[in-house]
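Student: Sharing my_file-v3.cif here; it has mmCIF, C-alpha atoms.
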```cif
data_data
loop_
_atom_site.label_atom_id
_atom_site.label_comp_id
_atom_site.auth_asym_id
_atom_site.auth_seq_id
_atom_site.Cartn_x
_atom_site.Cartn_y
_atom_site.Cartn_z
CA MET A 1 9.16 -4.20 112.86
CA ALA A 2 12.68 -2.96 112.25
CA SER A 3 15.28 -3.43 114.95
CA ASP A 4 17.86 -0.71 115.56
CA ALA A 5 20.39 -2.66 113.46
CA GLU A 6 18.03 -2.73 110.45
CA LEU A 7 17.20 0.98 110.54
CA ARG A 8 18.29 3.20 107.68
CA ARG A 9 18.50 6.92 107.14
CA PRO A 10 17.00 9.01 104.33
CA ALA A 11 19.40 9.75 101.48
CA SER A 12 18.52 13.45 101.18
CA CYS A 13 16.22 16.26 102.28
CA GLY A 14 14.29 15.55 99.07
CA GLU A 15 13.59 12.00 100.23
CA LEU A 16 12.38 13.38 103.57
CA PHE A 17 10.11 15.84 101.74
CA ARG A 18 8.66 13.13 99.49
CA ALA A 19 8.05 10.66 102.35
CA PHE A 20 6.31 13.24 104.53
CA ASN A 21 4.34 14.55 101.55
CA ARG A 22 3.21 11.01 100.73
CA LEU A 23 2.14 10.29 104.31
CA ALA A 24 0.32 13.63 104.53
CA LEU A 25 -1.65 12.88 101.37
CA GLN A 26 -2.44 9.30 102.39
CA GLY A 27 -3.54 10.26 105.87
CA PHE A 28 -5.48 13.39 105.03
CA GLY A 29 -7.39 14.16 108.24
CA GLY A 30 -5.66 11.39 110.20
CA VAL A 31 -1.91 11.32 109.56
CA LEU A 32 -0.73 9.45 112.65
CA PRO A 33 -1.64 5.89 111.52
CA VAL A 34 -0.02 6.49 108.14
CA ALA A 35 3.02 8.07 109.80
CA HIS A 36 3.61 4.90 111.82
CA ARG A 37 3.31 2.70 108.74
CA THR A 38 5.54 4.97 106.64
CA LEU A 39 8.28 5.79 109.14
CA VAL A 40 8.51 2.44 110.96
CA GLU A 41 7.35 -0.25 108.53
CA GLN A 42 8.09 1.12 105.04
CA GLU A 43 11.02 3.55 105.31
CA ARG A 44 12.46 1.95 108.47
CA TRP A 45 13.81 5.30 109.69
CA LEU A 46 12.53 4.59 113.22
CA SER A 47 11.91 1.52 115.33
CA ALA A 48 8.48 1.12 116.97
CA PRO A 49 9.78 2.20 120.42
CA GLN A 50 11.50 5.23 118.86
CA PHE A 51 8.23 6.18 117.14
CA VAL A 52 6.39 5.99 120.48
CA GLU A 53 9.09 8.11 122.16
CA LEU A 54 8.90 10.77 119.45
CA LEU A 55 5.09 10.71 119.53
CA THR A 56 5.18 11.19 123.31
CA LEU A 57 7.58 14.10 122.95
CA GLY A 58 5.46 15.56 120.13
CA GLN A 59 2.38 15.45 122.37
CA VAL A 60 4.10 17.33 125.17
CA LEU A 61 5.48 20.10 122.94
CA PRO A 62 3.13 22.86 121.78
CA GLY A 63 1.67 22.39 118.32
CA PRO A 64 0.38 19.43 116.30
CA ASN A 65 2.00 16.09 117.19
CA ILE A 66 2.90 15.15 113.62
CA ILE A 67 4.49 18.55 112.92
CA ASN A 68 6.59 18.21 116.06
CA MET A 69 7.61 14.70 115.00
CA ALA A 70 8.51 15.90 111.49
CA ILE A 71 10.71 18.64 112.93
CA ILE A 72 12.48 16.19 115.27
CA ILE A 73 12.99 13.53 112.58
CA GLY A 74 14.14 16.04 109.96
CA ASP A 75 16.54 17.64 112.43
CA ARG A 76 17.87 14.24 113.48
CA PHE A 77 18.96 13.42 109.92
CA PHE A 78 19.76 16.78 108.26
CA GLY A 79 19.55 19.54 110.86
CA TRP A 80 17.38 22.57 110.21
CA ARG A 81 17.23 21.82 106.46
CA GLY A 82 15.78 18.38 107.18
CA ALA A 83 13.27 19.82 109.64
CA LEU A 84 12.17 22.37 107.03
CA ALA A 85 11.92 19.70 104.30
CA ALA A 86 9.84 17.36 106.49
CA VAL A 87 7.43 20.11 107.57
CA ALA A 88 7.12 21.42 104.00
CA GLY A 89 6.34 17.89 102.84
CA LEU A 90 3.59 17.64 105.42
CA LEU A 91 2.00 21.01 104.74
CA LEU A 92 2.56 22.22 101.18
CA VAL A 93 0.25 20.06 99.03
CA PRO A 94 -2.39 19.47 101.76
CA MET A 95 -2.65 23.24 102.24
CA VAL A 96 -3.43 23.71 98.54
CA ILE A 97 -6.01 20.90 98.72
CA VAL A 98 -7.68 22.38 101.81
CA LEU A 99 -7.94 25.78 100.18
CA ALA A 100 -9.52 24.23 97.08
CA LEU A 101 -11.93 22.19 99.23
CA ALA A 102 -12.87 25.29 101.24
CA VAL A 103 -13.90 27.04 98.04
CA ALA A 104 -15.85 23.96 96.89
CA TYR A 105 -17.50 23.51 100.30
CA GLN A 106 -18.59 27.13 100.35
CA GLN A 107 -20.53 26.49 97.16
CA GLN A 108 -21.93 23.03 98.12
CA ALA A 109 -22.40 23.21 101.92
CA ALA A 110 -26.19 22.95 101.81
CA HIS A 111 -26.17 19.69 99.82
CA PRO A 112 -27.12 16.64 102.01
CA ALA A 113 -24.52 14.40 100.34
CA VAL A 114 -21.75 16.74 101.52
CA ALA A 115 -22.92 16.48 105.15
CA GLY A 116 -23.11 12.68 104.84
CA ALA A 117 -19.61 12.50 103.36
CA LEU A 118 -18.21 14.52 106.26
CA ARG A 119 -19.87 12.20 108.81
CA GLY A 120 -18.40 9.19 107.00
CA MET A 121 -14.93 10.71 107.03
CA GLY A 122 -15.23 11.22 110.80
CA ALA A 123 -15.97 7.51 111.30
CA VAL A 124 -12.99 6.53 109.13
CA ALA A 125 -10.68 8.84 111.09
CA ALA A 126 -11.87 7.34 114.38
CA GLY A 127 -11.18 3.83 113.06
CA LEU A 128 -7.68 4.79 111.94
CA ILE A 129 -6.88 6.25 115.35
CA LEU A 130 -8.17 3.12 117.08
CA ALA A 131 -6.08 0.89 114.79
CA THR A 132 -2.97 2.93 115.57
CA GLY A 133 -3.66 2.62 119.29
CA VAL A 134 -3.83 -1.16 118.94
CA LYS A 135 -0.51 -1.19 117.02
CA LEU A 136 1.19 1.04 119.56
CA ALA A 137 -0.11 -1.09 122.45
CA ARG A 138 2.53 -3.71 121.57
CA THR A 139 5.24 -1.37 122.85
CA VAL A 140 3.68 -1.41 126.34
CA ARG A 141 5.35 -4.76 127.06
CA GLY A 142 8.73 -3.04 127.39
CA ASN A 143 7.42 -0.21 129.56
CA PRO A 144 8.96 -0.10 133.03
CA MET A 145 5.54 0.52 134.64
CA GLY A 146 4.25 -2.87 133.52
CA LEU A 147 1.08 -3.79 131.67
CA PRO A 148 -1.44 -3.41 134.56
CA ALA A 149 -0.32 0.13 135.42
CA CYS A 150 -0.24 1.17 131.73
CA ALA A 151 -3.73 -0.25 131.20
CA ALA A 152 -5.04 1.50 134.32
CA ILE A 153 -3.66 4.86 133.20
CA GLY A 154 -5.05 4.31 129.69
CA VAL A 155 -8.53 3.45 130.99
CA ALA A 156 -8.45 6.38 133.43
CA THR A 157 -7.44 8.75 130.62
CA PHE A 158 -10.28 7.50 128.41
CA ALA A 159 -12.79 7.79 131.26
CA LEU A 160 -11.73 11.28 132.30
CA VAL A 161 -11.40 12.81 128.83
CA GLY A 162 -13.90 10.76 126.83
CA GLY A 163 -16.49 10.10 129.51
CA LEU A 164 -16.32 12.96 131.98
CA ARG A 165 -15.04 15.52 129.43
CA TRP A 166 -12.26 16.79 131.66
CA PRO A 167 -9.79 19.11 129.91
CA MET A 168 -7.05 17.06 128.25
CA VAL A 169 -4.24 19.29 129.52
CA TRP A 170 -5.09 18.57 133.19
CA VAL A 171 -5.56 14.86 132.59
CA VAL A 172 -2.21 14.63 130.76
CA LEU A 173 -0.44 16.63 133.46
CA GLY A 174 -2.01 14.61 136.28
CA LEU A 175 -1.93 11.07 134.88
CA GLY A 176 1.23 11.74 132.86
CA GLY A 177 2.98 12.95 136.01
CA LEU A 178 1.72 9.91 137.89
CA GLY A 179 2.95 7.62 135.10
CA MET A 180 6.38 9.25 135.02
CA ALA A 181 6.71 8.98 138.81
CA LEU A 182 5.70 5.33 138.74
CA ALA A 183 8.10 4.55 135.87
CA TRP A 184 10.95 6.38 137.63
CA ARG A 185 10.27 4.46 140.84
CA ARG A 186 10.24 1.08 139.06
CA ILE A 187 13.44 1.92 137.15
CA ARG A 188 15.16 2.88 140.42
CA GLN A 189 13.98 -0.37 142.03
CA ALA A 190 15.31 -2.40 139.09
CA GLU A 191 18.67 -0.61 139.28
CA ALA A 192 18.90 -1.18 143.04
CA ALA A 193 18.16 -4.89 142.58
CA ARG A 194 21.14 -5.32 140.22
#
```
For this file, write the structure as structure tokens.

Tutor:
Amino acid sequence: MASDAELRRPASCGELFRAFNRLALQGFGGVLPVAHRTLVEQERWLSAPQFVELLTLGQVLPGPNIINMAIIIGDRFFGWRGALAAVAGLLLVPMVIVLALAVAYQQQAAHPAVAGALRGMGAVAAGLILATGVKLARTVRGNPMGLPACAAIGVATFALVGGLRWPMVWVVLGLGGLGMALAWRRIRQAEAAR
């Protein structure tokens, strides 16, 4: 993982466009794992903690997480032109592909192989998301809440959303608020101890 000293910045809006286009095409249907690999490990535009911070912010803002992250990253480097280039890189070619696939699906929807392929793609997407979660778990060590509290909130989130099917917005507001309060309290305690 790149430290802050080893981070670099994109040379142009064109480089932003190409990087986001490449990650959108590689992660078709599951961009987040590819985004981490591209932005943190390959391009080294973000450190792992910065990626987690931007992902967290992207989840709180309305809209898709990766679009929010592209806007923030593009704006960070080149202002509104960078934000536009990053979002265009994410959406332009995949949109053309989706439109072409929609036409093809309309003609082949009844074929059993098409249904099987879609089920297989769902399993692959789930695996990619799980792998990204494992990678991002490394950043928990530096969290002010500590590992036990982070794990408890993660398990509670999974149980409430995945098991009990509670609406995600209420779980995020409730457990997210609890997590922020706990982190704030621990940070204040650490500052008072100094």

Student: Please provide the set of residues having any atom within 9 Å of A:Glu43, restricted to all atoms listed in the file, with same-chain residues fewer than 2 positions apart removed, written as a PyMOL selection string.

Tutor: chain A and resi 7-10+19+37-41+45-46

Student: Name the closest residue to A:Glu15 among the candidates A:Ala131, A:Ala86, A:Leu173, A:Ala190; distances are taken between atoms, counting all atoms listed in the file.

Tutor: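 Nearest candidate to A:Glu15 out of A:Ala131, A:Ala86, A:Leu173, A:Ala190: A:Ala86.
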
Student: Quick one: of A:Val171, A:Ala70, A:Leu61, A:Val114, who's nearest to A:Leu90, counting only C-alpha atoms?

Tutor: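 Among the listed residues, the smallest separation from A:Leu90 belongs to A:Ala70.
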
Student: Can you tell me how far atom CA of A:Glu6 sits from atom CA of A:Ser47, in Å to one decimal?

Tutor: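 Computing it gives 8.9 Å between the two atoms.
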
Student: Find, counting only C-alpha atoms, the residue in A:Tyr105, A:Ala115, A:Leu178, A:Gly82 that gets nearest to A:Arg18.

Tutor: A:Gly82

Student: So, counting all atoms listed in the file, which residue among A:Arg141, A:Leu55, A:Ile72, A:Leu91 is closest to A:Phe20?

Tutor: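 When distances to A:Phe20 are compared using all atoms listed in the file, the smallest one comes from A:Leu91.
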
Student: Could you check how far atom CA of A:Gly74 sits from atom CA of A:Pro49, in Å to one decimal?

Tutor: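 Computing it gives 17.9 Å between the two atoms.
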
Student: May I ask which of the residues A:Gly14, A:Pro33, A:Gly174, A:Gly179 is the closest one to A:Ala83, counting all atoms listed in the file?

Tutor: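 Among the listed residues, the smallest separation from A:Ala83 belongs to A:Gly14.
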
Student: Quick check, in Å to one decimal: how far apart do atom CA of A:Leu128 and atom CA of A:Gly27 lie?

Tutor: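 One can read the atom CA of A:Leu128 to atom CA of A:Gly27 distance as 9.2 Å.
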
Student: Can you list, as a PyMOL selection string, the residues that the PyMOL selection byres ((chain A and resi 136) around 12) selects here?

Tutor: chain A and resi 1+32-33+36-37+40+47-53+55-56+129-135+137-143

Student: Could you tell me which of A:Gly89, A:Gly154, A:Gly146, A:Gly127 comes closest to A:Leu175 if we count only C-alpha atoms?

Tutor: A:Gly154
